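Enquirer: This one is entry.cif, mmCIF, C-alpha atoms.
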data_structure
#
loop_
_atom_site.group_PDB
_atom_site.id
_atom_site.type_symbol
_atom_site.label_atom_id
_atom_site.label_comp_id
_atom_site.auth_asym_id
_atom_site.auth_seq_id
_atom_site.Cartn_x
_atom_site.Cartn_y
_atom_site.Cartn_z
ATOM 1 C CA MET A 1 36.150 -48.444 2.126
ATOM 2 C CA LYS A 2 32.845 -50.012 1.257
ATOM 3 C CA SER A 3 30.913 -47.688 3.534
ATOM 4 C CA THR A 4 32.611 -44.646 1.942
ATOM 5 C CA THR A 5 31.551 -45.777 -1.518
ATOM 6 C CA GLU A 6 27.980 -46.324 -0.390
ATOM 7 C CA HIS A 7 27.922 -42.896 1.231
ATOM 8 C CA SER A 8 29.201 -41.235 -1.940
ATOM 9 C CA THR A 9 26.603 -43.016 -4.042
ATOM 10 C CA THR A 10 23.865 -41.869 -1.686
ATOM 11 C CA ASP A 11 25.090 -38.273 -1.764
ATOM 12 C CA SER A 12 25.221 -38.363 -5.558
ATOM 13 C CA GLY A 13 21.666 -39.666 -5.713
ATOM 14 C CA ASN A 14 20.431 -36.968 -3.335
ATOM 15 C CA TYR A 15 22.237 -34.297 -5.360
ATOM 16 C CA GLU A 16 20.644 -35.491 -8.593
ATOM 17 C CA ARG A 17 17.252 -35.579 -6.912
ATOM 18 C CA ARG A 18 17.717 -31.997 -5.697
ATOM 19 C CA LEU A 19 18.578 -30.915 -9.226
ATOM 20 C CA ILE A 20 15.462 -32.588 -10.580
ATOM 21 C CA MET A 21 13.284 -31.010 -7.868
ATOM 22 C CA ALA A 22 14.783 -27.585 -8.616
ATOM 23 C CA ASP A 23 13.518 -27.831 -12.194
ATOM 24 C CA LEU A 24 9.939 -28.558 -11.095
ATOM 25 C CA VAL A 25 7.209 -25.960 -10.669
ATOM 26 C CA ARG A 26 5.649 -26.025 -7.195
ATOM 27 C CA ALA A 27 1.870 -26.365 -7.034
ATOM 28 C CA ASN A 28 -0.224 -26.335 -3.868
ATOM 29 C CA ARG A 29 -3.649 -27.055 -5.325
ATOM 30 C CA VAL A 30 -5.113 -29.406 -7.917
ATOM 31 C CA ALA A 31 -8.613 -29.482 -9.376
ATOM 32 C CA ILE A 32 -10.108 -32.376 -11.356
ATOM 33 C CA ARG A 33 -12.488 -31.524 -14.183
ATOM 34 C CA THR A 34 -14.327 -33.538 -16.809
ATOM 35 C CA MET A 35 -14.278 -32.495 -20.451
ATOM 36 C CA GLY A 36 -16.633 -34.799 -22.286
ATOM 37 C CA GLU A 37 -15.241 -38.276 -21.773
ATOM 38 C CA ASP A 38 -11.844 -36.941 -20.697
ATOM 39 C CA ILE A 39 -10.618 -36.096 -17.212
ATOM 40 C CA VAL A 40 -8.305 -33.111 -16.767
ATOM 41 C CA ALA A 41 -6.112 -32.279 -13.778
ATOM 42 C CA VAL A 42 -5.524 -28.529 -13.298
ATOM 43 C CA PHE A 43 -2.594 -27.543 -11.065
ATOM 44 C CA TYR A 44 -2.453 -24.153 -9.330
ATOM 45 C CA ARG A 45 -0.144 -22.222 -7.063
ATOM 46 C CA THR A 46 -2.750 -20.488 -4.904
ATOM 47 C CA HIS A 47 -4.802 -18.771 -7.648
ATOM 48 C CA LYS A 48 -2.294 -18.942 -10.506
ATOM 49 C CA LEU A 49 -2.963 -21.655 -13.079
ATOM 50 C CA LEU A 50 0.223 -23.633 -13.750
ATOM 51 C CA LYS A 51 -0.658 -26.602 -15.939
ATOM 52 C CA GLU A 52 -3.506 -28.695 -17.304
ATOM 53 C CA ILE A 53 -2.939 -32.441 -17.806
ATOM 54 C CA ASN A 54 -5.391 -34.549 -19.776
ATOM 55 C CA SER A 55 -5.796 -38.141 -18.630
ATOM 56 C CA ASN A 56 -5.353 -39.276 -22.263
ATOM 57 C CA ASP A 57 -1.803 -37.882 -22.174
ATOM 58 C CA THR A 58 -0.858 -40.102 -19.245
ATOM 59 C CA THR A 59 -0.414 -43.807 -18.583
ATOM 60 C CA TRP A 60 -3.253 -43.802 -16.053
ATOM 61 C CA ASN A 61 -6.053 -46.312 -16.518
ATOM 62 C CA ALA A 62 -9.470 -46.047 -14.926
ATOM 63 C CA PRO A 63 -10.024 -48.722 -12.253
ATOM 64 C CA GLU A 64 -12.349 -51.523 -13.293
ATOM 65 C CA GLN A 65 -13.968 -51.647 -9.865
ATOM 66 C CA ALA A 66 -15.085 -47.993 -10.030
ATOM 67 C CA VAL A 67 -18.872 -47.862 -9.744
ATOM 68 C CA ASN A 68 -19.382 -44.203 -10.715
ATOM 69 C CA LYS A 69 -17.638 -41.195 -12.248
ATOM 70 C CA LEU A 70 -16.864 -39.696 -8.857
ATOM 71 C CA MET A 71 -14.680 -42.702 -7.966
ATOM 72 C CA VAL A 72 -12.963 -42.483 -11.351
ATOM 73 C CA ARG A 73 -12.172 -38.781 -10.822
ATOM 74 C CA GLU A 74 -10.850 -39.402 -7.326
ATOM 75 C CA ASN A 75 -8.664 -42.266 -8.560
ATOM 76 C CA PHE A 76 -7.163 -40.033 -11.248
ATOM 77 C CA ARG A 77 -6.608 -37.244 -8.702
ATOM 78 C CA LEU A 78 -4.590 -39.526 -6.446
ATOM 79 C CA TRP A 79 -2.634 -40.917 -9.388
ATOM 80 C CA ILE A 80 -1.736 -37.502 -10.870
ATOM 81 C CA ILE A 81 -0.621 -36.173 -7.477
ATOM 82 C CA GLU A 82 1.689 -39.158 -6.994
ATOM 83 C CA ASN A 83 3.110 -38.840 -10.534
ATOM 84 C CA ALA A 84 3.085 -35.041 -10.846
ATOM 85 C CA ALA A 85 6.888 -34.846 -11.166
ATOM 86 C CA GLU A 86 6.681 -36.657 -14.519
ATOM 87 C CA PHE A 87 4.825 -33.627 -15.842
ATOM 88 C CA GLY A 88 7.126 -30.987 -14.349
ATOM 89 C CA ILE A 89 5.048 -30.371 -11.228
ATOM 90 C CA GLN A 90 6.116 -30.586 -7.584
ATOM 91 C CA TYR A 91 2.860 -31.000 -5.687
ATOM 92 C CA ASP A 92 3.166 -29.513 -2.202
ATOM 93 C CA PRO A 93 -0.160 -28.548 -0.603
ATOM 94 C CA ILE A 94 1.440 -27.268 2.616
ATOM 95 C CA ASP A 95 1.010 -23.494 3.138
ATOM 96 C CA ARG A 96 4.581 -22.149 3.074
ATOM 97 C CA ARG A 97 3.690 -18.539 3.828
ATOM 98 C CA SER A 98 5.100 -16.951 6.986
ATOM 99 C CA ALA A 99 2.699 -15.994 9.778
ATOM 100 C CA GLU A 100 2.772 -12.284 8.856
ATOM 101 C CA ASN A 101 1.885 -13.121 5.258
ATOM 102 C CA THR A 102 -1.003 -15.458 6.096
ATOM 103 C CA ARG A 103 -4.436 -13.861 5.913
ATOM 104 C CA THR A 104 -7.701 -14.911 7.521
ATOM 105 C CA PRO A 105 -10.053 -16.288 4.823
ATOM 106 C CA LYS A 106 -13.029 -14.324 6.194
ATOM 107 C CA TYR A 107 -13.622 -11.574 8.748
ATOM 108 C CA GLU A 108 -16.604 -12.292 10.922
ATOM 109 C CA THR A 109 -15.797 -9.638 13.562
ATOM 110 C CA ASP A 110 -14.121 -6.226 13.800
ATOM 111 C CA ASP A 111 -11.294 -7.697 15.889
ATOM 112 C CA MET A 112 -10.454 -10.290 13.232
ATOM 113 C CA LEU A 113 -10.265 -7.597 10.562
ATOM 114 C CA ILE A 114 -8.185 -5.233 12.705
ATOM 115 C CA LYS A 115 -5.754 -7.977 13.745
ATOM 116 C CA ASP A 116 -5.073 -8.996 10.141
ATOM 117 C CA ALA A 117 -4.779 -5.374 9.001
ATOM 118 C CA GLU A 118 -2.281 -4.592 11.769
ATOM 119 C CA SER A 119 -0.127 -7.599 10.882
ATOM 120 C CA MET A 120 0.044 -6.304 7.292
ATOM 121 C CA ILE A 121 0.578 -2.604 7.919
ATOM 122 C CA LEU A 122 3.124 -2.866 10.743
ATOM 123 C CA PRO A 123 6.093 -4.209 8.698
ATOM 124 C CA GLU A 124 5.136 -2.015 5.722
ATOM 125 C CA MET A 125 5.164 1.214 7.773
ATOM 126 C CA ARG A 126 8.259 0.210 9.732
ATOM 127 C CA ALA A 127 10.168 -0.296 6.486
ATOM 128 C CA LEU A 128 9.060 3.122 5.192
ATOM 129 C CA VAL A 129 10.123 4.919 8.376
ATOM 130 C CA ASP A 130 13.520 3.204 8.242
ATOM 131 C CA LYS A 131 13.993 4.666 4.746
ATOM 132 C CA VAL A 132 12.906 8.119 5.952
ATOM 133 C CA THR A 133 15.619 8.106 8.629
ATOM 134 C CA VAL A 134 18.230 7.933 5.877
ATOM 135 C CA LYS A 135 17.076 11.358 4.623
ATOM 136 C CA TYR A 136 16.100 12.778 8.014
ATOM 137 C CA PRO A 137 18.301 11.168 10.722
ATOM 138 C CA ASP A 138 16.351 12.880 13.540
ATOM 139 C CA VAL A 139 13.222 10.867 12.666
ATOM 140 C CA GLU A 140 12.571 7.619 14.552
ATOM 141 C CA TRP A 141 9.848 4.982 14.673
ATOM 142 C CA ALA A 142 7.269 5.208 17.496
ATOM 143 C CA GLY A 143 4.446 2.836 16.468
ATOM 144 C CA VAL A 144 1.156 2.385 14.617
ATOM 145 C CA ALA A 145 -2.378 2.238 16.024
ATOM 146 C CA HIS A 146 -5.820 1.407 14.630
ATOM 147 C CA ASP A 147 -8.399 4.198 14.535
ATOM 148 C CA GLU A 148 -11.639 2.970 12.966
ATOM 149 C CA ILE A 149 -13.360 0.845 10.331
ATOM 150 C CA VAL A 150 -15.418 2.809 7.822
ATOM 151 C CA PRO A 151 -17.866 0.769 5.671
ATOM 152 C CA MET A 152 -17.669 1.488 1.941
ATOM 153 C CA THR A 153 -20.816 2.286 -0.039
ATOM 154 C CA LYS A 154 -19.423 2.037 -3.597
ATOM 155 C CA THR A 155 -16.932 -0.064 -5.520
ATOM 156 C CA GLY A 156 -13.844 1.440 -7.136
ATOM 157 C CA SER A 157 -15.797 1.831 -10.381
ATOM 158 C CA GLY A 158 -18.588 3.687 -8.593
ATOM 159 C CA LYS A 159 -21.153 0.867 -8.438
ATOM 160 C CA GLU A 160 -23.475 0.903 -5.428
ATOM 161 C CA LEU A 161 -22.623 -1.962 -3.080
ATOM 162 C CA THR A 162 -26.250 -2.315 -2.033
ATOM 163 C CA SER A 163 -26.920 -3.657 -5.536
ATOM 164 C CA LEU A 164 -24.534 -6.509 -4.681
ATOM 165 C CA GLY A 165 -26.305 -7.289 -1.424
ATOM 166 C CA ILE A 166 -23.669 -5.545 0.691
ATOM 167 C CA VAL A 167 -24.973 -3.224 3.410
ATOM 168 C CA ASP A 168 -22.785 -1.318 5.886
ATOM 169 C CA GLY A 169 -19.742 -2.986 4.368
ATOM 170 C CA ARG A 170 -20.933 -6.517 5.115
ATOM 171 C CA TYR A 171 -22.279 -9.442 3.118
ATOM 172 C CA GLY A 172 -25.759 -10.800 3.769
ATOM 173 C CA LYS A 173 -27.361 -7.355 3.757
ATOM 174 C CA GLY A 174 -25.267 -6.240 6.694
ATOM 175 C CA GLU A 175 -25.441 -9.408 8.773
ATOM 176 C CA GLY A 176 -22.586 -11.424 7.263
ATOM 177 C CA ASN A 177 -18.800 -11.105 7.162
ATOM 178 C CA TRP A 178 -16.921 -7.907 6.381
ATOM 179 C CA ALA A 179 -16.711 -7.340 2.623
ATOM 180 C CA TRP A 180 -15.914 -3.705 1.702
ATOM 181 C CA ALA A 181 -14.401 -1.213 4.142
ATOM 182 C CA VAL A 182 -11.643 1.321 4.819
ATOM 183 C CA VAL A 183 -9.460 0.497 7.824
ATOM 184 C CA LYS A 184 -7.819 3.643 9.196
ATOM 185 C CA PHE A 185 -4.558 3.793 11.166
ATOM 186 C CA THR A 186 -2.222 6.406 12.612
ATOM 187 C CA VAL A 187 1.544 6.020 12.286
ATOM 188 C CA THR A 188 3.470 7.730 15.081
ATOM 189 C CA ILE A 189 7.032 8.954 14.554
ATOM 190 C CA LYS A 190 9.333 11.088 16.654
ATOM 191 C CA TYR A 191 11.327 14.072 15.439
ATOM 192 C CA LYS A 192 13.906 15.165 18.018
ATOM 193 C CA ASP A 193 11.815 13.422 20.713
ATOM 194 C CA ASN A 194 8.593 15.175 19.617
ATOM 195 C CA GLU A 195 5.737 12.993 18.375
ATOM 196 C CA CYS A 196 4.208 13.445 14.921
ATOM 197 C CA TYR A 197 1.170 11.635 13.559
ATOM 198 C CA ILE A 198 0.622 10.440 9.995
ATOM 199 C CA PRO A 199 -2.802 9.046 8.973
ATOM 200 C CA VAL A 200 -2.809 6.034 6.636
ATOM 201 C CA GLN A 201 -5.489 3.623 5.510
ATOM 202 C CA MET A 202 -6.056 0.192 3.980
ATOM 203 C CA GLN A 203 -8.964 -1.105 1.945
ATOM 204 C CA LEU A 204 -10.922 -4.309 2.286
ATOM 205 C CA VAL A 205 -12.179 -5.216 -1.200
ATOM 206 C CA SER A 206 -14.450 -8.225 -1.711
ATOM 207 C CA GLY A 207 -13.270 -9.594 1.627
ATOM 208 C CA GLN A 208 -9.540 -9.226 0.859
ATOM 209 C CA LEU A 209 -7.210 -6.694 2.513
ATOM 210 C CA LYS A 210 -5.065 -4.531 0.254
ATOM 211 C CA LYS A 211 -1.770 -2.858 1.152
ATOM 212 C CA THR A 212 -1.716 0.910 1.662
ATOM 213 C CA GLY A 213 0.121 1.422 -1.632
ATOM 214 C CA ILE A 214 2.126 4.350 -0.241
ATOM 215 C CA GLY A 215 5.489 4.805 -1.971
ATOM 216 C CA ILE A 216 8.596 6.126 -0.242
ATOM 217 C CA THR A 217 8.411 9.493 -2.073
ATOM 218 C CA ASP A 218 4.838 10.139 -0.914
ATOM 219 C CA PHE A 219 5.604 8.966 2.607
ATOM 220 C CA ILE A 220 8.640 11.276 2.922
ATOM 221 C CA ALA A 221 6.458 14.166 1.753
ATOM 222 C CA LYS A 222 3.858 13.301 4.426
ATOM 223 C CA VAL A 223 6.531 13.174 7.139
ATOM 224 C CA LYS A 224 8.040 16.485 6.019
ATOM 225 C CA THR A 225 4.633 18.199 5.957
ATOM 226 C CA GLU A 226 3.756 16.899 9.425
ATOM 227 C CA ILE A 227 7.062 18.095 10.921
ATOM 228 C CA ILE A 228 6.678 21.566 9.388
ATOM 229 C CA GLU A 229 2.999 21.947 10.394
ATOM 230 C CA ALA A 230 3.873 20.882 13.940
ATOM 231 C CA GLY A 231 6.393 23.736 14.059
ATOM 232 C CA LEU A 232 9.312 21.422 14.775
ATOM 233 C CA ALA A 233 11.416 22.548 11.801
ATOM 234 C CA THR A 234 11.243 24.673 8.680
ATOM 235 C CA ALA A 235 11.512 23.406 5.126
ATOM 236 C CA GLU A 236 14.972 25.011 4.859
ATOM 237 C CA GLU A 237 16.117 23.289 8.041
ATOM 238 C CA LEU A 238 14.939 19.902 6.818
ATOM 239 C CA ASP A 239 16.298 20.371 3.291
ATOM 240 C CA PRO A 240 19.009 23.083 3.361
ATOM 241 C CA PRO A 241 19.406 24.745 -0.046
ATOM 242 C CA LYS A 242 22.554 23.810 -1.892
ATOM 243 C CA THR A 243 25.029 26.695 -2.216
ATOM 244 C CA LYS A 244 25.997 27.464 -5.802
ATOM 245 C CA GLU A 245 29.485 28.776 -6.556
ATOM 246 C CA SER A 246 29.442 32.031 -8.538
ATOM 247 C CA LYS A 247 31.005 32.203 -11.992
ATOM 248 C CA ALA A 248 33.597 34.735 -10.758
ATOM 249 C CA ASP A 249 34.685 32.430 -7.917
ATOM 250 C CA LYS A 250 34.768 29.452 -10.249
ATOM 251 C CA ALA A 251 36.901 31.406 -12.753
ATOM 252 C CA GLN A 252 39.228 32.545 -9.967
ATOM 253 C CA ASP A 253 39.645 28.941 -8.786
ATOM 254 C CA THR A 254 40.564 27.744 -12.258
ATOM 255 C CA LYS A 255 42.793 30.742 -13.148
ATOM 256 C CA VAL A 256 46.476 29.872 -13.678
ATOM 257 C CA GLU A 257 48.749 32.872 -13.339
ATOM 258 C CA GLU A 258 52.185 31.577 -14.254
ATOM 259 C CA PRO A 259 51.605 30.407 -17.844
ATOM 260 C CA LYS A 260 49.776 33.644 -18.692
ATOM 261 C CA GLN A 261 52.563 35.814 -17.249
ATOM 262 C CA GLU A 262 55.141 33.885 -19.221
ATOM 263 C CA ALA A 263 53.086 34.255 -22.383
ATOM 264 C CA LYS A 264 52.813 38.011 -21.748
ATOM 265 C CA THR A 265 56.619 38.287 -21.342
ATOM 266 C CA LYS A 266 57.199 36.445 -24.593
ATOM 267 C CA LYS A 267 54.701 38.677 -26.379
ATOM 268 C CA THR A 268 56.373 41.880 -25.089
ATOM 269 C CA HIS A 269 59.839 40.705 -26.136
ATOM 270 C CA LYS A 270 58.529 39.836 -29.609
ATOM 271 C CA GLN A 271 56.884 43.211 -29.964
ATOM 272 C CA GLU A 272 60.101 45.072 -28.955
ATOM 273 C CA THR A 273 62.152 43.050 -31.434
ATOM 274 C CA ALA A 274 59.698 43.790 -34.213
ATOM 275 C CA LYS A 275 59.780 47.512 -33.296
ATOM 276 C CA GLU A 276 63.583 47.664 -33.557
ATOM 277 C CA GLU A 277 63.637 45.887 -36.908
ATOM 278 C CA LYS A 278 60.864 47.987 -38.394
ATOM 279 C CA PRO A 279 62.372 50.461 -40.987
ATOM 280 C CA ALA A 280 61.659 54.215 -40.750
ATOM 281 C CA PRO A 281 58.800 55.297 -42.957
ATOM 282 C CA LYS A 282 59.826 56.861 -46.280
ATOM 283 C CA ARG A 283 58.851 60.456 -46.947
ATOM 284 C CA GLN A 284 56.520 60.638 -49.875
ATOM 285 C CA ARG A 285 57.205 63.151 -52.597
ATOM 286 C CA GLY A 286 54.651 65.815 -53.161
ATOM 287 C CA SER A 287 53.498 65.748 -49.601
ATOM 288 C CA LYS A 288 51.935 68.815 -47.952
ATOM 289 C CA ALA A 289 55.140 69.491 -46.000
ATOM 290 C CA ASP A 290 57.218 69.697 -49.212
ATOM 291 C CA LYS A 291 54.726 72.078 -50.801
ATOM 292 C CA ASP A 292 54.808 74.365 -47.758
ATOM 293 C CA ALA A 293 58.628 74.405 -47.841
ATOM 294 C CA GLU A 294 58.673 75.327 -51.543
ATOM 295 C CA LEU A 295 56.224 78.174 -51.036
ATOM 296 C CA ALA A 296 58.270 79.578 -48.180
ATOM 297 C CA LYS A 297 61.443 79.432 -50.309
ATOM 298 C CA ALA A 298 59.755 81.270 -53.207
ATOM 299 C CA GLU A 299 58.652 84.128 -50.964
#
Go ahead and express the file in the form of structure tokens.
Expert:
Amino acid sequence: MKSTTEHSTTDSGNYERRLIMADLVRANRVAIRTMGEDIVAVFYRTHKLLKEINSNDTTWNAPEQAVNKLMVRENFRLWIIENAAEFGIQYDPIDRRSAENTRTPKYETDDMLIKDAESMILPEMRALVDKVTVKYPDVEWAGVAHDEIVPMTKTGSGKELTSLGIVDGRYGKGEGNWAWAVVKFTVTIKYKDNECYIPVQMQLVSGQLKKTGIGITDFIAKVKTEIIEAGLATAEELDPPKTKESKADKAQDTKVEEPKQEAKTKKTHKQETAKEEKPAPKRQRGSKADKDAELAKAE
């Protein structure tokens, strides 16, 4: 019985700890800065700033044996990491990203850039093709392949990259890592066992790869155009026009004969009854017929 009680207490403690941890904000990076005489810890999740904590707002005390400011900063860094939960922070510096979502920090060679770009574009294109098959069931995935790397000469705003020391898409006047470039790919699909090819591209901006940015509507349009231009199907075959029911047919479908026939019978019977009850018209005196009769009698 004793062991059961101890087990329950332990479970309760773990449950409460999980609840507390769930309320914390996860940070994977901390920077220590000095602001005058104060020391400030700045917590981040990758590049997003989460919280700033001033040493004066904590119970931390600078060590007496510290011989310089660097030792004082390092002591505060260790202390704030250990006590981060008191300030609503769960400090976890381990990279939790999956392998396909982890990027190389710098691209020294073409192969490094292509490998990272392929790992990004493959799941993105596969997901788009899967959505296309819902609209066009005869479409199936066949693969994606790299074509070439094209160095960029201008930024998105039109600024010459040479003014930033970037030549042929690379830092260090063309001798450093890849910085600005367009990475071109070809997505291969099959339509009724016939291959079709769709060109797509990614951009490397300031050393960071960007997704293609293609939405499902644009991608479906690209697939449709490729199938039609390859002569594999017509636009009408891919998207048959919807047949519209004519107004006459719609009226015929909604027409109800029986109630109308019954109403007509009732109307006829009412008209006949009214006809029988209607009195004969009275002959007006002084009419043309009476005058003609009087003239004939006088003659």
Enquirer: Hey, can you check how far CA of Val205 (chain A) sits from CA of Trp180 (chain A)?
Expert: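 These two atoms are separated by 5.0 Å.
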Enquirer: Find the spatial neighbours of Leu204 (chain A), counting all atoms listed in the file, within a cut-off of 10 Å - ignore same-chain residues fewer than 3 positions away - and output them as a count of residues only.
Expert: 17
Enquirer: Can you measure CA of Gln90 (chain A) to CA of Ala27 (chain A) for me? One decimal in Å is fine.
Expert: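 Between CA of Gln90 (chain A) and CA of Ala27 (chain A) the gap works out to 6.0 Å.
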Enquirer: State, in Å with one decimal place, the distance from CA of Glu118 (chain A) to CA of Glu229 (chain A).
Expert: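 Distance between the two atoms: 27.1 Å.
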Enquirer: Check which residues of region 78-196 of chain A sit at most 12 Å from region 45-65 of chain A using all atoms listed in the file, and return one row each with the closest pair of atoms and their distance in Å to one decimal, ordered by chain and rising number, as CSV.
Expert:
residue,atom,partner,partner_atom,distance
A:Leu78,CA,A:Trp60,CA,10.6
A:Trp79,CA,A:Trp60,CA,7.3
A:Ile80,CA,A:Trp60,CA,8.3
A:Ile81,CA,A:Ile53,CA,11.2
A:Glu82,CA,A:Trp60,CA,11.3
A:Asn83,CA,A:Thr58,CA,9.7
A:Ala84,CA,A:Ile53,CA,9.6
A:Glu86,CA,A:Thr58,CA,9.5
A:Phe87,CA,A:Ile53,CA,8.1
A:Gly88,CA,A:Lys51,CA,9.1
A:Ile89,CA,A:Lys51,CA,8.3
A:Gln90,CA,A:Arg45,CA,10.5
A:Tyr91,CA,A:Arg45,CA,9.4
A:Asp92,CA,A:Arg45,CA,9.4
A:Pro93,CA,A:Arg45,CA,9.0
A:Ile94,CA,A:Thr46,CA,11.0
A:Asp95,CA,A:Thr46,CA,9.4
A:Arg96,CA,A:Thr46,CA,11.0
A:Arg97,CA,A:Thr46,CA,11.0
Enquirer: Which of these, A:Glu74, A:Asp110, A:Glu237, A:Glu37, has the shortest distance to Asn177 (chain A) once you count all atoms listed in the file?
Expert: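 Closest residue, counting all atoms listed in the file: A:Asp110.
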Enquirer: Using only C-alpha atoms, pick whichever of A:Val134, A:Ala66, A:Leu232, A:Val150 has the shortest atom-to-atom distance to Lys190 (chain A).
Expert: A:Leu232
Enquirer: Extract, using only C-alpha atoms, all DNA, RNA and protein residues at most 9 Å from Lys224 (chain A), discarding same-chain residues fewer than 5 positions from it, and format them as a PyMOL selection string.
Expert: chain A and resi 219+229+235+238
Enquirer: Step by step, work through what the PyMOL selection byres ((chain A and resi 139-142) around 10) selects in the shown file, and finish by giving those residues as number ranges by chain.
Expert: A: 125-130, 132-138, 143-144, 187-197, 223, 227
Enquirer: Include C-alpha atoms and write out the residues we just selected as an mmCIF file, keeping the file's coordinate frame.
Expert:
data_model
loop_
_atom_site.group_PDB
_atom_site.id
_atom_site.type_symbol
_atom_site.label_atom_id
_atom_site.label_comp_id
_atom_site.auth_asym_id
_atom_site.auth_seq_id
_atom_site.Cartn_x
_atom_site.Cartn_y
_atom_site.Cartn_z
ATOM 1 C CA MET A 125 5.164 1.214 7.773
ATOM 2 C CA ARG A 126 8.259 0.210 9.732
ATOM 3 C CA ALA A 127 10.168 -0.296 6.486
ATOM 4 C CA LEU A 128 9.060 3.122 5.192
ATOM 5 C CA VAL A 129 10.123 4.919 8.376
ATOM 6 C CA ASP A 130 13.520 3.204 8.242
ATOM 7 C CA VAL A 132 12.906 8.119 5.952
ATOM 8 C CA THR A 133 15.619 8.106 8.629
ATOM 9 C CA VAL A 134 18.230 7.933 5.877
ATOM 10 C CA LYS A 135 17.076 11.358 4.623
ATOM 11 C CA TYR A 136 16.100 12.778 8.014
ATOM 12 C CA PRO A 137 18.301 11.168 10.722
ATOM 13 C CA ASP A 138 16.351 12.880 13.540
ATOM 14 C CA GLY A 143 4.446 2.836 16.468
ATOM 15 C CA VAL A 144 1.156 2.385 14.617
ATOM 16 C CA VAL A 187 1.544 6.020 12.286
ATOM 17 C CA THR A 188 3.470 7.730 15.081
ATOM 18 C CA ILE A 189 7.032 8.954 14.554
ATOM 19 C CA LYS A 190 9.333 11.088 16.654
ATOM 20 C CA TYR A 191 11.327 14.072 15.439
ATOM 21 C CA LYS A 192 13.906 15.165 18.018
ATOM 22 C CA ASP A 193 11.815 13.422 20.713
ATOM 23 C CA ASN A 194 8.593 15.175 19.617
ATOM 24 C CA GLU A 195 5.737 12.993 18.375
ATOM 25 C CA CYS A 196 4.208 13.445 14.921
ATOM 26 C CA TYR A 197 1.170 11.635 13.559
ATOM 27 C CA VAL A 223 6.531 13.174 7.139
ATOM 28 C CA ILE A 227 7.062 18.095 10.921
#
